[in-house]
$ cat final.pdb   # PDB, C-alpha atoms
ATOM      1  CA  MET A  24       0.000   0.000   0.000
ATOM      2  CA  THR A  25       1.303   3.490  -0.889
ATOM      3  CA  MET A  26       1.851   5.661   2.166
ATOM      4  CA  HIS A  27       3.285   9.116   2.722
ATOM      5  CA  PHE A  28       3.987  10.617   6.132
ATOM      6  CA  TYR A  29       4.506  14.322   6.749
ATOM      7  CA  ALA A  30       5.125  16.678   9.653
ATOM      8  CA  PHE A  31       3.183  19.924   9.369
ATOM      9  CA  GLY A  32       2.223  22.994  11.358
ATOM     10  CA  SER A  33       4.125  24.573  14.234
ATOM     11  CA  ILE A  34       7.110  22.211  14.097
ATOM     12  CA  CYS A  35       7.742  23.297  10.468
ATOM     13  CA  ARG A  36       7.556  26.962  11.472
ATOM     14  CA  GLY A  37       9.981  26.416  14.339
ATOM     15  CA  GLU A  38       7.177  27.636  16.619
ATOM     16  CA  VAL A  39       7.386  25.495  19.730
ATOM     17  CA  ASP A  40       6.409  25.942  23.346
ATOM     18  CA  ARG A  41       5.768  23.518  26.178
ATOM     19  CA  SER A  42       2.194  22.865  25.050
ATOM     20  CA  SER A  43       3.146  22.275  21.402
ATOM     21  CA  ASP A  44       2.604  18.871  19.872
ATOM     22  CA  VAL A  45       3.952  17.592  16.575
ATOM     23  CA  ASP A  46       1.310  17.447  13.847
ATOM     24  CA  LEU A  47       1.659  14.356  11.698
ATOM     25  CA  LEU A  48      -0.179  13.579   8.480
ATOM     26  CA  ALA A  49      -0.599  10.135   6.963
ATOM     27  CA  CYS A  50      -1.688   9.985   3.304
ATOM     28  CA  ILE A  51      -3.021   6.539   2.436
ATOM     29  CA  THR A  52      -5.205   4.717  -0.064
ATOM     30  CA  GLY A  53      -7.813   2.421   1.434
ATOM     31  CA  PRO A  54      -8.085   1.504   5.113
ATOM     32  CA  ASN A  55      -5.054   1.159   7.367
ATOM     33  CA  PRO A  56      -6.057   0.255  10.928
ATOM     34  CA  ASP A  57      -2.387   0.229  12.024
ATOM     35  CA  ILE A  58      -2.198   4.027  11.870
ATOM     36  CA  ASP A  59      -3.093   5.572  15.228
ATOM     37  CA  THR A  60      -5.582   8.380  14.579
ATOM     38  CA  ASP A  61      -4.639   9.923  17.946
ATOM     39  CA  LYS A  62      -1.156  10.511  16.535
ATOM     40  CA  PHE A  63      -1.841  11.110  12.832
ATOM     41  CA  SER A  64      -4.303  13.128  10.805
ATOM     42  CA  VAL A  65      -5.207  10.443   8.292
ATOM     43  CA  TYR A  66      -6.265  11.443   4.778
ATOM     44  CA  GLN A  67      -6.950   9.396   1.699
ATOM     45  CA  HIS A  68      -4.905  10.376  -1.370
ATOM     46  CA  ASP A  69      -8.141  11.027  -3.320
ATOM     47  CA  ARG A  70      -9.449  13.317  -0.613
ATOM     48  CA  LEU A  71      -6.283  15.406  -0.708
ATOM     49  CA  HIS A  72      -6.666  15.740  -4.487
ATOM     50  CA  CYS A  73     -10.165  17.182  -3.827
ATOM     51  CA  LEU A  74      -8.933  19.571  -1.108
ATOM     52  CA  TRP A  75      -6.276  20.855  -3.511
ATOM     53  CA  ALA A  76      -8.840  21.314  -6.294
ATOM     54  CA  GLU A  77     -11.188  23.333  -4.067
ATOM     55  CA  GLY A  78      -8.393  25.528  -2.632
ATOM     56  CA  ASN A  79      -9.264  24.392   0.878
ATOM     57  CA  PRO A  80      -7.346  26.194   3.688
ATOM     58  CA  PHE A  81      -5.962  22.847   4.888
ATOM     59  CA  ALA A  82      -4.517  22.233   1.414
ATOM     60  CA  TRP A  83      -2.814  25.633   1.577
ATOM     61  CA  HIS A  84      -1.572  24.887   5.084
ATOM     62  CA  LEU A  85      -0.012  21.610   3.931
ATOM     63  CA  HIS A  86       1.337  23.171   0.750
ATOM     64  CA  LEU A  87       3.108  25.932   2.673
ATOM     65  CA  GLU A  88       4.019  24.201   5.925
ATOM     66  CA  SER A  89       4.715  20.493   5.624
ATOM     67  CA  ARG A  90       7.834  18.329   5.382
ATOM     68  CA  LEU A  91       7.996  14.821   3.980
ATOM     69  CA  LEU A  92       9.102  12.221   6.553
ATOM     70  CA  PHE A  93       8.493   8.981   4.678
ATOM     71  CA  SER A  94       7.385   7.899   1.238
ATOM     72  CA  SER A  95       6.765   4.259   0.359
ATOM     73  CA  ASP A  96       7.229   4.940  -3.370
ATOM     74  CA  GLY A  97       9.914   7.627  -3.334
ATOM     75  CA  VAL A  98       7.405  10.307  -4.409
ATOM     76  CA  ASP A  99       6.707  13.492  -2.435
ATOM     77  CA  PHE A 100       2.946  13.155  -2.871
ATOM     78  CA  LEU A 101       1.959  16.631  -1.614
ATOM     79  CA  ALA A 102       4.614  18.309  -3.752
ATOM     80  CA  SER A 103       3.301  16.353  -6.741
ATOM     81  CA  LEU A 104      -0.118  17.981  -6.252
ATOM     82  CA  GLY A 105       1.390  21.380  -7.073
ATOM     83  CA  VAL A 106      -0.113  24.659  -5.898
ATOM     84  CA  PRO A 107      -3.694  24.416  -4.543
ATOM     85  CA  ALA A 108      -6.483  26.238  -6.383
ATOM     86  CA  ALA A 109      -7.208  29.837  -5.357
ATOM     87  CA  TYR A 110      -8.995  30.176  -2.007
ATOM     88  CA  LYS A 111     -12.557  31.299  -2.726
ATOM     89  CA  ALA A 112     -14.501  30.460   0.439
ATOM     90  CA  GLY A 113     -13.097  33.299   2.577
ATOM     91  CA  ALA A 114     -16.438  34.934   3.399
ATOM     92  CA  GLU A 115     -18.246  31.647   3.979
ATOM     93  CA  ASP A 116     -15.484  30.259   6.212
ATOM     94  CA  CYS A 117     -15.095  33.463   8.234
ATOM     95  CA  GLU A 118     -18.867  33.554   8.812
ATOM     96  CA  LYS A 119     -18.842  29.924   9.974
ATOM     97  CA  PHE A 120     -16.110  30.591  12.535
ATOM     98  CA  ALA A 121     -17.595  33.928  13.631
ATOM     99  CA  LEU A 122     -20.834  32.051  14.335
ATOM    100  CA  LEU A 123     -18.891  29.516  16.410
ATOM    101  CA  PHE A 124     -17.413  32.381  18.424
ATOM    102  CA  SER A 125     -20.735  34.137  19.017
ATOM    103  CA  GLU A 126     -22.618  30.944  19.932
ATOM    104  CA  SER A 127     -19.890  29.929  22.380
ATOM    105  CA  LEU A 128     -19.799  33.411  23.900
ATOM    106  CA  ASP A 129     -23.577  33.321  24.231
ATOM    107  CA  GLN A 130     -23.363  30.018  26.123
ATOM    108  CA  LEU A 131     -20.560  31.272  28.370
ATOM    109  CA  SER A 132     -22.525  34.431  29.166
ATOM    110  CA  LYS A 133     -25.473  32.294  30.311
ATOM    111  CA  THR A 134     -23.648  29.688  32.413
ATOM    112  CA  ARG A 135     -20.215  28.738  33.691
ATOM    113  CA  VAL A 136     -20.978  25.072  32.975
ATOM    114  CA  ASN A 137     -18.716  24.085  30.032
ATOM    115  CA  ALA A 138     -16.713  27.311  30.518
ATOM    116  CA  THR A 139     -13.429  25.760  29.342
ATOM    117  CA  PHE A 140     -15.057  24.101  26.320
ATOM    118  CA  ASN A 141     -16.799  27.327  25.335
ATOM    119  CA  LEU A 142     -13.577  29.326  25.690
ATOM    120  CA  SER A 143     -11.847  26.678  23.594
ATOM    121  CA  CYS A 144     -14.487  27.137  20.874
ATOM    122  CA  MET A 145     -14.125  30.919  21.111
ATOM    123  CA  PHE A 146     -10.391  30.491  20.587
ATOM    124  CA  LEU A 147     -11.025  28.238  17.567
ATOM    125  CA  GLY A 148     -13.412  30.829  16.117
ATOM    126  CA  ILE A 149     -10.931  33.682  16.613
ATOM    127  CA  ARG A 150      -7.923  31.744  15.309
ATOM    128  CA  ASN A 151      -9.736  30.377  12.254
ATOM    129  CA  VAL A 152     -11.323  33.701  11.302
ATOM    130  CA  ALA A 153      -7.829  35.210  11.398
ATOM    131  CA  THR A 154      -6.267  32.374   9.394
ATOM    132  CA  CYS A 155      -9.023  32.335   6.745
ATOM    133  CA  TYR A 156      -8.903  36.134   6.507
ATOM    134  CA  SER A 157      -5.119  36.061   6.065
ATOM    135  CA  LEU A 158      -5.406  33.395   3.359
ATOM    136  CA  TRP A 159      -8.098  35.435   1.607
ATOM    137  CA  ARG A 160      -5.786  38.485   1.758
ATOM    138  CA  GLY A 161      -2.966  36.470   0.206
ATOM    139  CA  HIS A 162      -0.691  36.589   3.264
ATOM    140  CA  PRO A 163      -1.551  33.326   5.012
ATOM    141  CA  VAL A 164      -0.689  32.887   8.672
ATOM    142  CA  PHE A 165      -1.365  29.415  10.100
ATOM    143  CA  SER A 166       0.150  30.006  13.520
ATOM    144  CA  ARG A 167      -1.822  29.424  16.711
ATOM    145  CA  LYS A 168      -1.148  33.126  17.227
ATOM    146  CA  SER A 169      -2.533  34.122  13.805
ATOM    147  CA  PRO A 170      -5.011  36.691  15.276
ATOM    148  CA  LEU A 171      -2.031  38.620  16.657
ATOM    149  CA  LEU A 172       0.078  38.302  13.502
ATOM    150  CA  ILE A 173      -2.224  39.110  10.562
ATOM    151  CA  ASP A 174      -2.428  42.449   8.708
ATOM    152  CA  SER A 175      -5.339  43.606  10.907
ATOM    153  CA  PRO A 176      -4.294  42.126  14.257
ATOM    154  CA  LEU A 177      -6.513  41.525  17.261
ATOM    155  CA  ASN A 178      -5.642  43.889  20.063
ATOM    156  CA  VAL A 179      -5.909  41.845  23.260
ATOM    157  CA  ASP A 180      -3.369  41.515  26.024
ATOM    158  CA  GLU A 181      -1.073  38.536  26.140
ATOM    159  CA  GLY A 182      -2.629  37.178  29.363
ATOM    160  CA  THR A 183      -6.106  37.017  27.849
ATOM    161  CA  TYR A 184      -4.842  35.291  24.716
ATOM    162  CA  ARG A 185      -2.935  32.804  26.875
ATOM    163  CA  VAL A 186      -6.149  31.905  28.760
ATOM    164  CA  LEU A 187      -7.930  31.213  25.459
ATOM    165  CA  THR A 188      -5.017  29.124  24.193
ATOM    166  CA  ARG A 189      -4.914  27.124  27.443
ATOM    167  CA  ALA A 190      -8.653  26.424  27.131
ATOM    168  CA  ARG A 191      -8.035  25.031  23.641
ATOM    169  CA  VAL A 192      -5.197  22.775  24.809
ATOM    170  CA  LEU A 193      -7.278  21.548  27.779
ATOM    171  CA  SER A 194     -10.191  20.729  25.478
ATOM    172  CA  THR A 195      -8.289  19.094  22.643
ATOM    173  CA  ARG A 196      -5.508  17.369  24.568
ATOM    174  CA  GLY A 197      -6.482  17.407  28.245
ATOM    175  CA  ILE A 198      -3.198  19.073  29.178
ATOM    176  CA  GLY A 199      -2.508  22.054  31.460
ATOM    177  CA  ASP A 200      -3.741  23.736  34.613
ATOM    178  CA  ALA A 201      -7.488  24.153  34.987
ATOM    179  CA  LEU A 202      -8.764  27.709  34.423
ATOM    180  CA  SER A 203      -9.739  29.757  37.466
ATOM    181  CA  ASP A 204     -12.962  31.822  37.659
ATOM    182  CA  GLU A 205     -10.828  34.976  37.401
ATOM    183  CA  GLU A 206      -9.254  33.732  34.182
ATOM    184  CA  VAL A 207     -12.659  32.921  32.693
ATOM    185  CA  LYS A 208     -13.832  36.440  33.612
ATOM    186  CA  LEU A 209     -10.689  37.930  32.062
ATOM    187  CA  ALA A 210     -11.375  36.209  28.739
ATOM    188  CA  LEU A 211     -15.069  37.085  28.872
ATOM    189  CA  GLY A 212     -14.159  40.732  29.456
ATOM    190  CA  ALA A 213     -12.215  40.813  26.180
ATOM    191  CA  ALA A 214     -15.181  39.498  24.153
ATOM    192  CA  PRO A 215     -16.648  42.895  23.110
ATOM    193  CA  ALA A 216     -13.297  44.019  21.623
ATOM    194  CA  ILE A 217     -12.926  40.660  19.874
ATOM    195  CA  GLN A 218     -16.402  41.008  18.375
ATOM    196  CA  VAL A 219     -15.594  44.469  17.007
ATOM    197  CA  TRP A 220     -12.383  43.109  15.423
ATOM    198  CA  MET A 221     -14.212  40.130  13.935
ATOM    199  CA  THR A 222     -16.985  42.315  12.506
ATOM    200  CA  GLN A 223     -14.343  44.463  10.814
ATOM    201  CA  LEU A 224     -12.663  41.426   9.196
ATOM    202  CA  LEU A 225     -16.037  40.009   8.112
ATOM    203  CA  SER A 226     -17.042  43.268   6.469
ATOM    204  CA  GLU A 227     -13.793  43.203   4.469
ATOM    205  CA  VAL A 228     -14.105  39.623   3.226
ATOM    206  CA  ARG A 229     -17.788  40.113   2.318
ATOM    207  CA  LYS A 230     -16.955  42.994  -0.059
TER     208      LYS A 230
ATOM    209  CA  MET B  19     -26.100  26.440  10.359
ATOM    210  CA  THR B  20     -23.222  24.529   8.784
ATOM    211  CA  GLU B  21     -22.343  20.897   9.434
ATOM    212  CA  PHE B  22     -19.243  22.095  11.292
ATOM    213  CA  ASN B  23     -21.310  24.237  13.678
ATOM    214  CA  ASN B  24     -23.794  21.386  14.159
ATOM    215  CA  ARG B  25     -20.989  19.041  15.149
ATOM    216  CA  ILE B  26     -19.717  21.494  17.764
ATOM    217  CA  ALA B  27     -23.297  21.908  19.033
ATOM    218  CA  ALA B  28     -23.560  18.101  19.401
ATOM    219  CA  GLN B  29     -20.354  18.080  21.478
ATOM    220  CA  ARG B  30     -21.629  20.948  23.609
ATOM    221  CA  GLU B  31     -24.898  19.125  24.249
ATOM    222  CA  ILE B  32     -23.079  16.035  25.525
ATOM    223  CA  LEU B  33     -20.678  18.095  27.653
ATOM    224  CA  LEU B  34     -23.577  20.063  29.120
ATOM    225  CA  ALA B  35     -25.269  16.809  30.160
ATOM    226  CA  VAL B  36     -22.063  15.590  31.833
ATOM    227  CA  ASN B  37     -20.967  18.861  33.410
ATOM    228  CA  SER B  38     -24.381  19.741  34.799
ATOM    229  CA  ALA B  39     -23.668  17.075  37.431
ATOM    230  CA  HIS B  40     -21.083  17.749  40.142
ATOM    231  CA  TRP B  41     -17.535  16.544  39.441
ATOM    232  CA  ARG B  42     -14.133  17.275  40.950
ATOM    233  CA  GLU B  43     -13.163  18.517  37.499
ATOM    234  CA  GLU B  44     -15.303  19.241  34.441
ATOM    235  CA  LEU B  45     -15.006  17.333  31.202
ATOM    236  CA  TYR B  46     -13.269  19.860  28.940
ATOM    237  CA  GLY B  47     -13.852  18.244  25.568
ATOM    238  CA  MET B  48     -14.539  15.027  23.679
ATOM    239  CA  SER B  49     -10.918  14.425  22.677
ATOM    240  CA  SER B  50      -9.262  11.264  23.990
ATOM    241  CA  GLY B  51      -6.834  13.419  26.023
ATOM    242  CA  ALA B  52      -9.666  15.365  27.675
ATOM    243  CA  LEU B  53     -11.639  12.171  28.387
ATOM    244  CA  ASP B  54      -8.584  10.435  29.910
ATOM    245  CA  ARG B  55      -7.921  13.443  32.126
ATOM    246  CA  TRP B  56     -11.551  13.614  33.289
ATOM    247  CA  VAL B  57     -11.659   9.883  34.126
ATOM    248  CA  ARG B  58      -8.443  10.221  36.177
ATOM    249  CA  ALA B  59      -9.393  13.514  37.877
ATOM    250  CA  ASN B  60     -12.700  12.065  39.044
ATOM    251  CA  SER B  61     -11.373   8.568  39.864
ATOM    252  CA  LEU B  62     -13.911   6.948  37.542
ATOM    253  CA  ASP B  63     -13.964   3.357  36.451
ATOM    254  CA  GLN B  64     -12.813   3.204  32.826
ATOM    255  CA  SER B  65     -15.237   0.319  32.245
ATOM    256  CA  SER B  66     -18.309   2.106  33.670
ATOM    257  CA  LYS B  67     -21.328   2.581  31.424
ATOM    258  CA  LEU B  68     -20.973   6.373  31.441
ATOM    259  CA  VAL B  69     -17.324   6.328  30.373
ATOM    260  CA  SER B  70     -18.092   3.714  27.750
ATOM    261  CA  LEU B  71     -20.950   5.837  26.322
ATOM    262  CA  LEU B  72     -18.696   8.900  26.213
ATOM    263  CA  LEU B  73     -15.926   7.014  24.415
ATOM    264  CA  THR B  74     -18.445   5.737  21.862
ATOM    265  CA  ALA B  75     -19.837   9.246  21.344
ATOM    266  CA  ALA B  76     -16.281  10.608  20.958
ATOM    267  CA  GLY B  77     -15.609   7.993  18.279
ATOM    268  CA  LYS B  78     -18.771   8.958  16.379
ATOM    269  CA  LEU B  79     -17.908  12.662  16.589
ATOM    270  CA  PHE B  80     -14.438  11.852  15.266
ATOM    271  CA  PHE B  81     -16.032   9.979  12.364
ATOM    272  CA  LEU B  82     -18.303  12.942  11.617
ATOM    273  CA  ALA B  83     -15.330  15.331  11.745
ATOM    274  CA  ASN B  84     -13.502  13.249   9.184
ATOM    275  CA  LYS B  85     -16.488  12.693   6.922
ATOM    276  CA  SER B  86     -17.785  16.232   6.882
ATOM    277  CA  GLN B  87     -17.545  16.429   3.106
ATOM    278  CA  GLU B  88     -19.509  13.219   2.729
ATOM    279  CA  GLN B  89     -22.419  14.387   4.827
ATOM    280  CA  VAL B  90     -25.069  13.247   2.389
ATOM    281  CA  THR B  91     -24.161   9.588   2.660
ATOM    282  CA  ALA B  92     -26.430   7.192   4.523
ATOM    283  CA  GLU B  93     -23.512   6.201   6.738
ATOM    284  CA  TYR B  94     -23.052   9.835   7.794
ATOM    285  CA  ARG B  95     -26.763  10.290   8.541
ATOM    286  CA  LEU B  96     -26.793   7.110  10.594
ATOM    287  CA  CYS B  97     -23.786   8.293  12.608
ATOM    288  CA  SER B  98     -25.398  11.705  13.246
ATOM    289  CA  SER B  99     -28.526  10.087  14.622
ATOM    290  CA  GLU B 100     -26.404   7.752  16.759
ATOM    291  CA  VAL B 101     -24.732  10.772  18.393
ATOM    292  CA  SER B 102     -28.176  12.163  19.317
ATOM    293  CA  ARG B 103     -29.197   8.788  20.738
ATOM    294  CA  LEU B 104     -25.939   8.564  22.725
ATOM    295  CA  ALA B 105     -26.465  12.095  24.113
ATOM    296  CA  GLU B 106     -29.860  10.966  25.422
ATOM    297  CA  GLU B 107     -28.362   7.814  26.949
ATOM    298  CA  ILE B 108     -25.617   9.876  28.602
ATOM    299  CA  ARG B 109     -28.231  12.223  30.095
ATOM    300  CA  LEU B 110     -30.138   9.242  31.461
ATOM    301  CA  GLU B 111     -26.975   7.633  32.881
ATOM    302  CA  ILE B 112     -26.015  10.905  34.604
ATOM    303  CA  ARG B 113     -29.503  11.177  36.146
ATOM    304  CA  LEU B 114     -29.313   7.597  37.408
ATOM    305  CA  SER B 115     -25.858   7.964  38.921
ATOM    306  CA  ASN B 116     -26.466  11.282  40.723
TER     307      ASN B 116
END

$ encode --input "final.pdb" --output "C-alpha cells"
Amino acid sequence: MTMHFYAFGSICRGEVDRSSDVDLLACITGPNPDIDTDKFSVYQHDRLHCLWAEGNPFAWHLHLESRLLFSSDGVDFLASLGVPAAYKAGAEDCEKFALLFSESLDQLSKTRVNATFNLSCMFLGIRNVATCYSLWRGHPVFSRKSPLLIDSPLNVDEGTYRVLTRARVLSTRGIGDALSDEEVKLALGAAPAIQVWMTQLLSEVRK
Amino acid sequence: MTEFNNRIAAQREILLAVNSAHWREELYGMSSGALDRWVRANSLDQSSKLVSLLLTAAGKLFFLANKSQEQVTAEYRLCSSEVSRLAEEIRLEIRLSN
C-alpha cells in the first residue's frame, strides 16, 4: 500500500512551546487500521486531491508548511499535487467561525458550565477567522497566534490570549492547569473588543 | 447552520449533560486526552457505562469530523442520529448515577 507521512504545522515553522505537539499527516489509499488516529491526521490520497482542487485552507496549510518524513514509493505526494487552487470560500469560512465564536460566547454568558469548552471554541473561532482572513488576503498565517500576527491584528493583552489558548489545549488534549474563575472572567471581558475586530474582518471579506 | 457548527453543538450538548452534574473537574472536551484526564481527575472506572458511552460518542464525533464532506451519505446520517441517541443515553446515565 502506498503511504506518505509528513510533519506539518508549528514544528515546520519552528514555533514550539511547552504545550506544542507535533502534527503528523498520513496519506493513504484504502483503510489502514495500524495508523493511530490519535497521533496522525489520516487522509486518503483522493481526498487530498479534492482539497487541492477546491483551494481548501488545509490544502494551503499543507502546501506551505509540511515536510515529507516517509514515502513508500519515493514520491513526495503533496509536492506532486502542485499549488492548490485559489482560495474562494473566505467569506463563507469566516462567517462559519464567527458564528462559532458568538454561539460559544452566548453560552458562556449564560452559564459557567462548560466554561473551558466554550472558551476553547471561542479560541477556535478567533484563530480560524484570522487564518481564513489572512489566506483570503494572500498573506496566510497558520500560527496558533494568527489573530495577533495578521495584517489587521486583534488587540488583546497577552494574558487574555494565553487563557484562550490554554482552554483550547485543555479541550483538545487534556493538558494544562485548569482555568480559574478569574481567568474565565478575564477572557469574557475581552469578548466585546474581539467582536468588534471580527466584525471588521467580516465586512472586508464580504466585499 | 453549517455541518461544522452542528458538530460542535452536538459536542456541547453532551458536555452540558455531563458537566451539569457535580464533578471534581469538568469534562473539557470530547478528545481522547480530555476524556482520559476527566476519568483520572474524578477517579472513575474506565469500564463504567458512562465512560463507555462517552468514548463511543467521541468515536462517532471523530467519524463525523472526518467525513464532513460526505455528509449526504447514509452512513453519515446514521452516525449523526447515533450521536443524538448517545447524548440521550448519557443524560439518562447521569440522572441515574447522581

$ resolve_selection --input "final.pdb" --expression "the PyMOL selection byres ((chain B) within 10 of (chain A))" --output "PyMOL selection string"
chain B and resi 19-24+26-27+29-31+33-39+43-56+80+84+87

$ resolve_selection --input "final.pdb" --expression "the PyMOL selection byres ((chain A and resi 30) around 12)" --output "ChimeraX atom specification"
/A:27-29,31-37,44-50,62-64,84-93,101

$ resolve_selection --input "final.pdb" --expression "the PyMOL selection byres ((chain A and resi 162) around 12)" --output "PyMOL selection string"
chain A and resi 83-84+87+110+153-161+163-165+169+172-175

$ write_last_selection --input "final.pdb" --atoms "C-alpha atoms" --output "tab-separated table (two decimals), in the coordinates of the input"
chain	number	residue	atom	x	y	z
A	83	TRP	CA	-2.81	25.63	1.58
A	84	HIS	CA	-1.57	24.89	5.08
A	87	LEU	CA	3.11	25.93	2.67
A	110	TYR	CA	-8.99	30.18	-2.01
A	153	ALA	CA	-7.83	35.21	11.40
A	154	THR	CA	-6.27	32.37	9.39
A	155	CYS	CA	-9.02	32.34	6.74
A	156	TYR	CA	-8.90	36.13	6.51
A	157	SER	CA	-5.12	36.06	6.06
A	158	LEU	CA	-5.41	33.40	3.36
A	159	TRP	CA	-8.10	35.44	1.61
A	160	ARG	CA	-5.79	38.48	1.76
A	161	GLY	CA	-2.97	36.47	0.21
A	163	PRO	CA	-1.55	33.33	5.01
A	164	VAL	CA	-0.69	32.89	8.67
A	165	PHE	CA	-1.36	29.42	10.10
A	169	SER	CA	-2.53	34.12	13.80
A	172	LEU	CA	0.08	38.30	13.50
A	173	ILE	CA	-2.22	39.11	10.56
A	174	ASP	CA	-2.43	42.45	8.71
A	175	SER	CA	-5.34	43.61	10.91

$ atom_distance --input "final.pdb" --atom1 "CA of Asn178 (chain A)" --atom2 "CA of Phe146 (chain A)"
14.2 Å

$ closest_atom_pairs --input "final.pdb" --of "region 136-186 of chain A" --to "region 213-218 of chain A" --cutoff "10 Å" --atoms "only C-alpha atoms" --output "CSV"
residue,atom,partner,partner_atom,distance
A:Met145,CA,A:Ala214,CA,9.2
A:Ile149,CA,A:Ile217,CA,8.0
A:Pro170,CA,A:Ile217,CA,10.0
A:Leu177,CA,A:Ile217,CA,7.0
A:Asn178,CA,A:Ala216,CA,7.8
A:Val179,CA,A:Ala213,CA,7.0
A:Asp180,CA,A:Ala213,CA,8.9
A:Thr183,CA,A:Ala213,CA,7.4
A:Tyr184,CA,A:Ala213,CA,9.3

$ atom_distance --input "final.pdb" --atom1 "CA of Met26 (chain A)" --atom2 "CA of Asp59 (chain A)"
14.0 Å

$ residues_near_point --input "final.pdb" --point "(-21.9, 8.7, 15.7)" --cutoff "12 Å" --atoms "only C-alpha atoms" --output "PDB file with C-alpha atoms, in the frame of the given file"
ATOM      1  CA  ARG B  25     -20.989  19.041  15.149  1.00  0.00           C
ATOM      2  CA  ALA B  28     -23.560  18.101  19.401  1.00  0.00           C
ATOM      3  CA  GLN B  29     -20.354  18.080  21.478  1.00  0.00           C
ATOM      4  CA  LEU B  71     -20.950   5.837  26.322  1.00  0.00           C
ATOM      5  CA  LEU B  72     -18.696   8.900  26.213  1.00  0.00           C
ATOM      6  CA  LEU B  73     -15.926   7.014  24.415  1.00  0.00           C
ATOM      7  CA  THR B  74     -18.445   5.737  21.862  1.00  0.00           C
ATOM      8  CA  ALA B  75     -19.837   9.246  21.344  1.00  0.00           C
ATOM      9  CA  ALA B  76     -16.281  10.608  20.958  1.00  0.00           C
ATOM     10  CA  GLY B  77     -15.609   7.993  18.279  1.00  0.00           C
ATOM     11  CA  LYS B  78     -18.771   8.958  16.379  1.00  0.00           C
ATOM     12  CA  LEU B  79     -17.908  12.662  16.589  1.00  0.00           C
ATOM     13  CA  PHE B  80     -14.438  11.852  15.266  1.00  0.00           C
ATOM     14  CA  PHE B  81     -16.032   9.979  12.364  1.00  0.00           C
ATOM     15  CA  LEU B  82     -18.303  12.942  11.617  1.00  0.00           C
ATOM     16  CA  ALA B  83     -15.330  15.331  11.745  1.00  0.00           C
ATOM     17  CA  ASN B  84     -13.502  13.249   9.184  1.00  0.00           C
ATOM     18  CA  LYS B  85     -16.488  12.693   6.922  1.00  0.00           C
ATOM     19  CA  GLU B  93     -23.512   6.201   6.738  1.00  0.00           C
ATOM     20  CA  TYR B  94     -23.052   9.835   7.794  1.00  0.00           C
ATOM     21  CA  ARG B  95     -26.763  10.290   8.541  1.00  0.00           C
ATOM     22  CA  LEU B  96     -26.793   7.110  10.594  1.00  0.00           C
ATOM     23  CA  CYS B  97     -23.786   8.293  12.608  1.00  0.00           C
ATOM     24  CA  SER B  98     -25.398  11.705  13.246  1.00  0.00           C
ATOM     25  CA  SER B  99     -28.526  10.087  14.622  1.00  0.00           C
ATOM     26  CA  GLU B 100     -26.404   7.752  16.759  1.00  0.00           C
ATOM     27  CA  VAL B 101     -24.732  10.772  18.393  1.00  0.00           C
ATOM     28  CA  SER B 102     -28.176  12.163  19.317  1.00  0.00           C
ATOM     29  CA  ARG B 103     -29.197   8.788  20.738  1.00  0.00           C
ATOM     30  CA  LEU B 104     -25.939   8.564  22.725  1.00  0.00           C
ATOM     31  CA  ALA B 105     -26.465  12.095  24.113  1.00  0.00           C
TER      32      ALA B 105
END

$ closest_residue --input "final.pdb" --among "A:Leu142, A:Ala112, A:Asp204, A:Ser94" --to "Ser125 (chain A)" --atoms "all atoms listed in the file"
A:Leu142

$ atom_distance --input "final.pdb" --atom1 "CA of Arg109 (chain B)" --atom2 "CA of Trp41 (chain B)"
14.8 Å

$ closest_residue --input "final.pdb" --among "A:Lys208, A:Ala76, A:Thr188, A:Leu171" --to "Trp220 (chain A)" --atoms "all atoms listed in the file"
A:Leu171

$ closest_residue --input "final.pdb" --among "A:Asp200, A:Arg150, A:Asn55, A:Glu181" --to "Met221 (chain A)" --atoms "all atoms listed in the file"
A:Arg150

$ decode --input "final.pdb" --residues "region 65-76 of chain B" --atoms "C-alpha atoms" --output "mmCIF file, in the first residue's frame"
data_model
loop_
_atom_site.group_PDB
_atom_site.id
_atom_site.type_symbol
_atom_site.label_atom_id
_atom_site.label_comp_id
_atom_site.auth_asym_id
_atom_site.auth_seq_id
_atom_site.Cartn_x
_atom_site.Cartn_y
_atom_site.Cartn_z
ATOM 1 C CA SER B 65 -15.237 0.319 32.245
ATOM 2 C CA SER B 66 -18.309 2.106 33.670
ATOM 3 C CA LYS B 67 -21.328 2.581 31.424
ATOM 4 C CA LEU B 68 -20.973 6.373 31.441
ATOM 5 C CA VAL B 69 -17.324 6.328 30.373
ATOM 6 C CA SER B 70 -18.092 3.714 27.750
ATOM 7 C CA LEU B 71 -20.950 5.837 26.322
ATOM 8 C CA LEU B 72 -18.696 8.900 26.213
ATOM 9 C CA LEU B 73 -15.926 7.014 24.415
ATOM 10 C CA THR B 74 -18.445 5.737 21.862
ATOM 11 C CA ALA B 75 -19.837 9.246 21.344
ATOM 12 C CA ALA B 76 -16.281 10.608 20.958
#
